[in-house]
Protein chains: 4
Amino acid sequence: MRDGCHVFPIRVYYEDTDAAGVVYYANYLRFAERARTEMLRLVAEQPMRAMAADGAAFVVRRCALDYRAPAHLDESIEVRSRLVAAKGATLVARQTVMRAADVLVEIDVEVACMTRAGRPTRVPAALRDALTPFTHSRKEPS
Amino acid sequence: MRDGCHVFPIRVYYEDTDAAGVVYYANYLRFAERARTEMLRLVAEQPMRAMAADGAAFVVRRCALDYRAPAHLDESIEVRSRLVAAKGATLVARQTVMRAADVLVEIDVEVACMTRAGRPTRVPAALRDALTPFTHSRKEPS
Amino acid sequence: MRDGCHVFPIRVYYEDTDAAGVVYYANYLRFAERARTEMLRLVAEQPMRAMAADGAAFVVRRCALDYRAPAHLDESIEVRSRLVAAKGATLVARQTVMRAADVLVEIDVEVACMTRAGRPTRVPAALRDALTPFTHSRKEPS
Amino acid sequence: MRDGCHVFPIRVYYEDTDAAGVVYYANYLRFAERARTEMLRLVAEQPMRAMAADGAAFVVRRCALDYRAPAHLDESIEVRSRLVAAKGATLVARQTVMRAADVLVEIDVEVACMTRAGRPTRVPAALRDALTPFTHSRKEPS
C-alpha cells in the first residue's frame with residue numbers, strides 16, 4: 001500500500017508475452033484480477049468470507065483498457081489499485097499498471113455483487129467499510 | 001460473413017473457462033483477436049502483407065468490454081465483427097460475442113497503425129478499401 | 001480423420017506465442033486437449049454423455065512432451081490423435097502436432113476415468129468401442 | 001531455498017483454474033517456468049546475461065508431468081526445483097509442485113542450450129557452477 005493505493009508487484013514471464021515481444025493485451029486483465037484479489041485479501045478477508053457464505057460473489061460487468069506503453073519480458077511492473085465508486089451492488093476500481101514512474105495501462109473495472117441466482121445484491125456494508133483505505137473520489141494516480 | 005458482419009465461430013474448451021464455471025473474463029479478448037485476424041485474412045491478406053513489408057503493424061490502443069451474460073464449457077459461440085470508424089492511423093471495431101441470438105459480450109476495440117519506430121501512421125488506403133464490406137456507421141448489430 | 005488418426009486443424013494466433021517468437025511450450029497441451037475433445041465429440045458424443053450422467057469424468061494423469069521444432073505465428077498446424085492403449089480405467093493417446101509433413105511436438109497423454117468421489121473406474125465399454133477407429137497398437141504415425 | 005531446493009511460492013488465481021474447479025493441466029508448465037526463471041535469476045543472473053550476449057538461449061526439449069492431486073482456487077502452493085543432471089548442452093531439472101507436505105505434480109524438464117542458429121552448444125561452465133547449490137543426483141525430494 002502506497003499513496004492510498006494498493007500496490008501489487010508483478011514480474012513479466014514468457015507466458016505473459018507474445019510474438020510482438022511485449023505483454024499480450026488480454027494479460028493485463030489477468031494482472032488486474034490478481035491485484036484486486038490481493039487487495040481484498042489484505043483488508044477484507046473476513047467480509048469476503050461472510051459474503052461467500054451468503055452465496056454472493058463479485059462478477060465483472062464492464063472494463064475498459066487504455067494501453068499507453070507496453071511491458072516486456074523480465075520487467076518488474078506493478079498494479080496500483082483504488083476504489084473510485086461504490087454504490088448499491090456495484091464497485092468501480094481504477095487500476096494502473098506501471099513500470100517505475102511510467103503508466104503502461106489504465107484499467108477501469110466495474111464489478112457487481114451477485115446472488116447465486118444471478119441477481120445483483122447490495123455490497124455488504126462491512127466489505128465496503130473494509131475498503132475505505134483504498135477509496136478515492138479522484139480519478140488521477142496520486 | 002452475415003448481415004455485413006464478419007462471423008467467426010468459436011468452441012469453448014476447458015482452457016477458456018475458470019473455477020466459476022464460465023469463460024474467464026480476459027479470454028474474450030483472445031476470441032476477439034482471433035476474429036479480427038481472420039476478418040483481415042479473409043478480405044485484406046494482400047494489403048496486410050504490403051503493410052508489414054513497409055514495417056507497419058496494428059497495435060491495440062484502447063478496448064472496452066461490456067459483459068452481459070457468460071459463455072460456458074462446450075458451448076458454440078461466435079464473434080461478429082464490423083468496422084465502425086476509420087480515420088488517419090486508427091480503426092475502430094465493434095465485436096459482439098453471441099450464443100445463438102443472445103449477446104454475451106460487446107467489445108469495442110481501437111487499433112492504431114504504427115511504424116516500427118512506434119509512431120502512428122496512416123492506415124494504407126488499400127487496406128481500408130478492402131474492409132469496406134465490414135464497415136458500418138451504425139453501432140447496433142443489424 | 002486420415003490414416004486412422006483424428007486430424008484437428010489449428011491456426012496459431014498471437015495469444016499462443018511468446019517473446020521468443022514461437023508457440024509457448026505449455027500451449028501445446030491446450031491444442032492437445034482441444035483435439036481430444038473434438039475426437040470424442042466426433043465418435044463418442046452419446047457414450048460421453050452417458051458417462052457424465054453416471055458422474056464419471058476423464059482426468060489427465062500423466063503426459064510427456066517431446067519438442068522437435070517450433071510453430072510460429074499465423075502458421076496452420078494440425079494435431080493428429082490416436083489411441084494407443086485402453087485398459088481398465090485408463091486410456092493412452094499419442095498426439096502429434098504437425099506442420100505439413102514436419103513433426104513439431106509428440107505428446108503422450110494418459111487419462112483416467114474417475115468417479116465423482118475421485119476413485120478410478122472402468123472406462124465404459126460403449127466409449128471404448130466408439131474409439132475403435134482411432135485405436136492403434138503401433139506408436140508411429142502412419 | 002530449502003533442503004537444497006529452490007522454493008518458489010505461487011498463489012492460485014481464477015486465471016489458473018478451469019470449469020472442473022482445479023488448476024488447468026497446462027498451467028503447471030507456466031508455474032514451472034516461473035520457478036526456473038527465478039532460480040536462475042537468484043544464483044546465475046550474471047552467467048545468464050553472458051550467455052545471452054553470446055547469442056545462446058535455453059529451449060525446452062522434453063518434459064513429463066505426473067499429476068498426483070489437483071490445486072484449487074486461492075490455494076498457496078510452491079514449486080521446488082533442483083537440477084538432477086547437467087552434461088554438454090543439456091540441463092535436466094526435477095520440479096515438484098507442492099501444497100504444504102502434499103505432492104501435487106512432479107515435472108521433469110530437459111532444456112538445451114542453443115545458439116541463435118538453432119544448434120546445441122555447451123552450457124557455459126560459469127552457469128553450471130552457479131547452479132551447484134541446486135544440483136542433486138538423487139531424484140527424490142529431500
# chains A, B, ... in the order shown; residues from 1 in each chain; ligands from 1
call {"tool": "interface_residues", "arguments": {"of": "chain D", "to": "chain B", "cutoff": "7 Å", "atoms": "only C-alpha atoms", "output": "list of chain:residue names"}}
result
D:Tyr14, D:Glu15, D:Thr17, D:Asp18, D:Ala19, D:Ala20, D:Gly21, D:Val22, D:Tyr24
call {"tool": "calpha_fit_and_write", "arguments": {"fixed": "chain A", "moving": "chain C", "output": "PDB file with C-alpha atoms, in the first residue's frame"}}
result
ATOM      1  CA  MET C   1       0.021  -0.001   0.006  1.00  0.00           C
ATOM      2  CA  ARG C   2       1.361   3.427  -1.007  1.00  0.00           C
ATOM      3  CA  ASP C   3      -0.261   6.854  -1.521  1.00  0.00           C
ATOM      4  CA  GLY C   4      -3.664   5.365  -0.723  1.00  0.00           C
ATOM      5  CA  CYS C   5      -3.318   2.776  -3.469  1.00  0.00           C
ATOM      6  CA  HIS C   6      -2.927  -0.947  -3.149  1.00  0.00           C
ATOM      7  CA  VAL C   7       0.354  -1.800  -4.852  1.00  0.00           C
ATOM      8  CA  PHE C   8       0.865  -5.289  -6.272  1.00  0.00           C
ATOM      9  CA  PRO C   9       4.212  -6.229  -7.869  1.00  0.00           C
ATOM     10  CA  ILE C  10       4.335  -8.455 -10.949  1.00  0.00           C
ATOM     11  CA  ARG C  11       7.237  -9.951 -12.838  1.00  0.00           C
ATOM     12  CA  VAL C  12       6.729 -10.499 -16.575  1.00  0.00           C
ATOM     13  CA  TYR C  13       7.420 -14.095 -17.694  1.00  0.00           C
ATOM     14  CA  TYR C  14       7.428 -15.718 -21.147  1.00  0.00           C
ATOM     15  CA  GLU C  15       3.827 -16.893 -20.612  1.00  0.00           C
ATOM     16  CA  ASP C  16       2.717 -13.235 -20.461  1.00  0.00           C
ATOM     17  CA  THR C  17       4.336 -12.124 -23.709  1.00  0.00           C
ATOM     18  CA  ASP C  18       3.587 -12.692 -27.386  1.00  0.00           C
ATOM     19  CA  ALA C  19       5.473 -12.783 -30.668  1.00  0.00           C
ATOM     20  CA  ALA C  20       5.463  -8.984 -30.830  1.00  0.00           C
ATOM     21  CA  GLY C  21       7.869  -9.115 -27.877  1.00  0.00           C
ATOM     22  CA  VAL C  22       5.514  -7.418 -25.429  1.00  0.00           C
ATOM     23  CA  VAL C  23       2.872  -8.443 -22.899  1.00  0.00           C
ATOM     24  CA  TYR C  24      -0.207  -9.771 -24.763  1.00  0.00           C
ATOM     25  CA  TYR C  25      -3.063  -7.271 -24.482  1.00  0.00           C
ATOM     26  CA  ALA C  26      -5.500  -9.631 -22.702  1.00  0.00           C
ATOM     27  CA  ASN C  27      -3.002 -10.486 -19.988  1.00  0.00           C
ATOM     28  CA  TYR C  28      -3.267  -7.102 -18.292  1.00  0.00           C
ATOM     29  CA  LEU C  29      -6.740  -8.255 -17.223  1.00  0.00           C
ATOM     30  CA  ARG C  30      -5.119 -11.269 -15.564  1.00  0.00           C
ATOM     31  CA  PHE C  31      -2.691  -8.946 -13.741  1.00  0.00           C
ATOM     32  CA  ALA C  32      -5.578  -6.677 -12.723  1.00  0.00           C
ATOM     33  CA  GLU C  33      -7.528  -9.540 -11.228  1.00  0.00           C
ATOM     34  CA  ARG C  34      -4.549 -10.810  -9.244  1.00  0.00           C
ATOM     35  CA  ALA C  35      -4.180  -7.314  -7.804  1.00  0.00           C
ATOM     36  CA  ARG C  36      -7.884  -6.965  -6.931  1.00  0.00           C
ATOM     37  CA  THR C  37      -7.832 -10.382  -5.277  1.00  0.00           C
ATOM     38  CA  GLU C  38      -4.837  -9.455  -3.113  1.00  0.00           C
ATOM     39  CA  MET C  39      -6.326  -6.060  -2.233  1.00  0.00           C
ATOM     40  CA  LEU C  40      -9.457  -7.815  -0.966  1.00  0.00           C
ATOM     41  CA  ARG C  41      -7.443 -10.478   0.842  1.00  0.00           C
ATOM     42  CA  LEU C  42      -5.367  -7.799   2.571  1.00  0.00           C
ATOM     43  CA  VAL C  43      -8.174  -5.754   4.084  1.00  0.00           C
ATOM     44  CA  ALA C  44     -11.392  -7.698   3.660  1.00  0.00           C
ATOM     45  CA  GLU C  45     -10.708 -11.389   4.120  1.00  0.00           C
ATOM     46  CA  GLN C  46     -13.399 -11.755   6.773  1.00  0.00           C
ATOM     47  CA  PRO C  47     -16.155  -9.771   4.944  1.00  0.00           C
ATOM     48  CA  MET C  48     -15.370 -11.649   1.710  1.00  0.00           C
ATOM     49  CA  ARG C  49     -15.825 -14.944   3.524  1.00  0.00           C
ATOM     50  CA  ALA C  50     -19.126 -13.770   5.024  1.00  0.00           C
ATOM     51  CA  MET C  51     -20.296 -12.692   1.557  1.00  0.00           C
ATOM     52  CA  ALA C  52     -19.385 -16.076   0.085  1.00  0.00           C
ATOM     53  CA  ALA C  53     -21.188 -17.834   2.943  1.00  0.00           C
ATOM     54  CA  ASP C  54     -24.290 -15.831   1.946  1.00  0.00           C
ATOM     55  CA  GLY C  55     -23.922 -17.192  -1.571  1.00  0.00           C
ATOM     56  CA  ALA C  56     -22.926 -13.885  -3.157  1.00  0.00           C
ATOM     57  CA  ALA C  57     -19.933 -13.213  -5.386  1.00  0.00           C
ATOM     58  CA  PHE C  58     -18.400 -10.426  -7.453  1.00  0.00           C
ATOM     59  CA  VAL C  59     -18.776 -10.552 -11.211  1.00  0.00           C
ATOM     60  CA  VAL C  60     -17.038  -8.221 -13.671  1.00  0.00           C
ATOM     61  CA  ARG C  61     -19.671  -6.255 -15.591  1.00  0.00           C
ATOM     62  CA  ARG C  62     -17.606  -3.839 -17.587  1.00  0.00           C
ATOM     63  CA  CYS C  63     -13.996  -2.949 -18.100  1.00  0.00           C
ATOM     64  CA  ALA C  64     -12.048  -0.514 -20.205  1.00  0.00           C
ATOM     65  CA  LEU C  65      -8.348  -0.570 -20.989  1.00  0.00           C
ATOM     66  CA  ASP C  66      -6.206   2.281 -22.256  1.00  0.00           C
ATOM     67  CA  TYR C  67      -2.851   0.985 -23.485  1.00  0.00           C
ATOM     68  CA  ARG C  68      -0.163   3.681 -23.228  1.00  0.00           C
ATOM     69  CA  ALA C  69       3.077   1.711 -23.419  1.00  0.00           C
ATOM     70  CA  PRO C  70       3.991  -1.975 -23.464  1.00  0.00           C
ATOM     71  CA  ALA C  71       5.642  -4.091 -20.775  1.00  0.00           C
ATOM     72  CA  HIS C  72       8.388  -6.512 -21.830  1.00  0.00           C
ATOM     73  CA  LEU C  73       9.815  -9.855 -20.787  1.00  0.00           C
ATOM     74  CA  ASP C  74      11.508  -9.919 -17.375  1.00  0.00           C
ATOM     75  CA  GLU C  75      10.400  -6.423 -16.417  1.00  0.00           C
ATOM     76  CA  SER C  76       9.191  -5.681 -12.901  1.00  0.00           C
ATOM     77  CA  ILE C  77       5.912  -3.855 -13.045  1.00  0.00           C
ATOM     78  CA  GLU C  78       3.203  -3.109 -10.526  1.00  0.00           C
ATOM     79  CA  VAL C  79      -0.553  -2.703 -10.421  1.00  0.00           C
ATOM     80  CA  ARG C  80      -1.834   0.200  -8.329  1.00  0.00           C
ATOM     81  CA  SER C  81      -5.484  -0.237  -7.427  1.00  0.00           C
ATOM     82  CA  ARG C  82      -8.014   2.025  -5.809  1.00  0.00           C
ATOM     83  CA  LEU C  83     -11.759   2.201  -5.476  1.00  0.00           C
ATOM     84  CA  VAL C  84     -13.355   5.179  -7.198  1.00  0.00           C
ATOM     85  CA  ALA C  85     -17.032   4.429  -6.634  1.00  0.00           C
ATOM     86  CA  ALA C  86     -19.232   2.152  -4.521  1.00  0.00           C
ATOM     87  CA  LYS C  87     -22.964   2.243  -4.613  1.00  0.00           C
ATOM     88  CA  GLY C  88     -25.667  -0.378  -4.373  1.00  0.00           C
ATOM     89  CA  ALA C  89     -24.462  -3.627  -5.881  1.00  0.00           C
ATOM     90  CA  THR C  90     -21.548  -2.003  -7.702  1.00  0.00           C
ATOM     91  CA  LEU C  91     -17.888  -1.255  -7.052  1.00  0.00           C
ATOM     92  CA  VAL C  92     -15.728   0.635  -9.538  1.00  0.00           C
ATOM     93  CA  ALA C  93     -11.966   0.299  -9.383  1.00  0.00           C
ATOM     94  CA  ARG C  94      -9.284   2.203 -11.251  1.00  0.00           C
ATOM     95  CA  GLN C  95      -6.158   0.117 -11.719  1.00  0.00           C
ATOM     96  CA  THR C  96      -2.949   1.445 -13.193  1.00  0.00           C
ATOM     97  CA  VAL C  97      -0.186  -0.802 -14.453  1.00  0.00           C
ATOM     98  CA  MET C  98       3.117   0.995 -14.004  1.00  0.00           C
ATOM     99  CA  ARG C  99       6.808   0.403 -14.647  1.00  0.00           C
ATOM    100  CA  ALA C 100       8.615   2.662 -12.198  1.00  0.00           C
ATOM    101  CA  ALA C 101       7.061   6.095 -12.860  1.00  0.00           C
ATOM    102  CA  ASP C 102       5.648   5.204 -16.303  1.00  0.00           C
ATOM    103  CA  VAL C 103       1.972   4.461 -16.788  1.00  0.00           C
ATOM    104  CA  LEU C 104       1.630   1.441 -19.089  1.00  0.00           C
ATOM    105  CA  VAL C 105      -2.076   0.652 -18.957  1.00  0.00           C
ATOM    106  CA  GLU C 106      -5.064   2.259 -17.253  1.00  0.00           C
ATOM    107  CA  ILE C 107      -7.867  -0.139 -16.434  1.00  0.00           C
ATOM    108  CA  ASP C 108     -11.338   0.754 -15.187  1.00  0.00           C
ATOM    109  CA  VAL C 109     -13.315  -2.162 -13.855  1.00  0.00           C
ATOM    110  CA  GLU C 110     -16.896  -2.306 -12.667  1.00  0.00           C
ATOM    111  CA  VAL C 111     -17.852  -5.339 -10.609  1.00  0.00           C
ATOM    112  CA  ALA C 112     -21.301  -6.250  -9.348  1.00  0.00           C
ATOM    113  CA  CYS C 113     -22.206  -8.261  -6.290  1.00  0.00           C
ATOM    114  CA  MET C 114     -24.495 -11.060  -7.464  1.00  0.00           C
ATOM    115  CA  THR C 115     -26.563 -13.700  -5.692  1.00  0.00           C
ATOM    116  CA  ARG C 116     -26.237 -17.334  -6.673  1.00  0.00           C
ATOM    117  CA  ALA C 117     -29.480 -16.872  -8.611  1.00  0.00           C
ATOM    118  CA  GLY C 118     -27.758 -14.221 -10.724  1.00  0.00           C
ATOM    119  CA  ARG C 119     -29.431 -11.134  -9.307  1.00  0.00           C
ATOM    120  CA  PRO C 120     -27.531  -8.005  -8.201  1.00  0.00           C
ATOM    121  CA  THR C 121     -27.459  -7.551  -4.445  1.00  0.00           C
ATOM    122  CA  ARG C 122     -26.108  -4.750  -2.188  1.00  0.00           C
ATOM    123  CA  VAL C 123     -22.382  -4.903  -1.469  1.00  0.00           C
ATOM    124  CA  PRO C 124     -22.241  -5.805   2.271  1.00  0.00           C
ATOM    125  CA  ALA C 125     -21.528  -2.732   4.410  1.00  0.00           C
ATOM    126  CA  ALA C 126     -18.667  -4.477   6.237  1.00  0.00           C
ATOM    127  CA  LEU C 127     -16.946  -5.100   2.920  1.00  0.00           C
ATOM    128  CA  ARG C 128     -17.379  -1.552   1.727  1.00  0.00           C
ATOM    129  CA  ASP C 129     -16.045  -0.232   5.043  1.00  0.00           C
ATOM    130  CA  ALA C 130     -13.024  -2.505   4.863  1.00  0.00           C
ATOM    131  CA  LEU C 131     -12.133  -0.986   1.499  1.00  0.00           C
ATOM    132  CA  THR C 132     -12.119   2.599   2.813  1.00  0.00           C
ATOM    133  CA  PRO C 133      -8.289   2.849   2.824  1.00  0.00           C
ATOM    134  CA  PHE C 134      -8.308   2.387  -0.958  1.00  0.00           C
ATOM    135  CA  THR C 135     -11.326   4.563  -1.705  1.00  0.00           C
ATOM    136  CA  HIS C 136     -10.800   7.834  -3.581  1.00  0.00           C
ATOM    137  CA  SER C 137     -13.098  10.164  -5.389  1.00  0.00           C
ATOM    138  CA  ARG C 138     -10.281  11.453  -7.604  1.00  0.00           C
ATOM    139  CA  LYS C 139      -9.538   9.563 -10.778  1.00  0.00           C
ATOM    140  CA  GLU C 140      -5.870  10.538 -11.035  1.00  0.00           C
ATOM    141  CA  PRO C 141      -3.022   8.503  -9.524  1.00  0.00           C
ATOM    142  CA  SER C 142      -1.837  10.365  -6.431  1.00  0.00           C
TER     143      SER C 142
END
call {"tool": "select_by_dssp", "arguments": {"residues": "segment 20-99 of chain D", "states": "helix (DSSP H, G or I)", "output": "number ranges by chain"}}
result
D: 27-53
call {"tool": "select_by_dssp", "arguments": {"residues": "chain A", "states": "strand (DSSP E or B)", "output": "PyMOL selection string"}}
result
chain A and resi 2+5-11+17+22-23+57-67+72+76-87+90-99+102-114+120+135
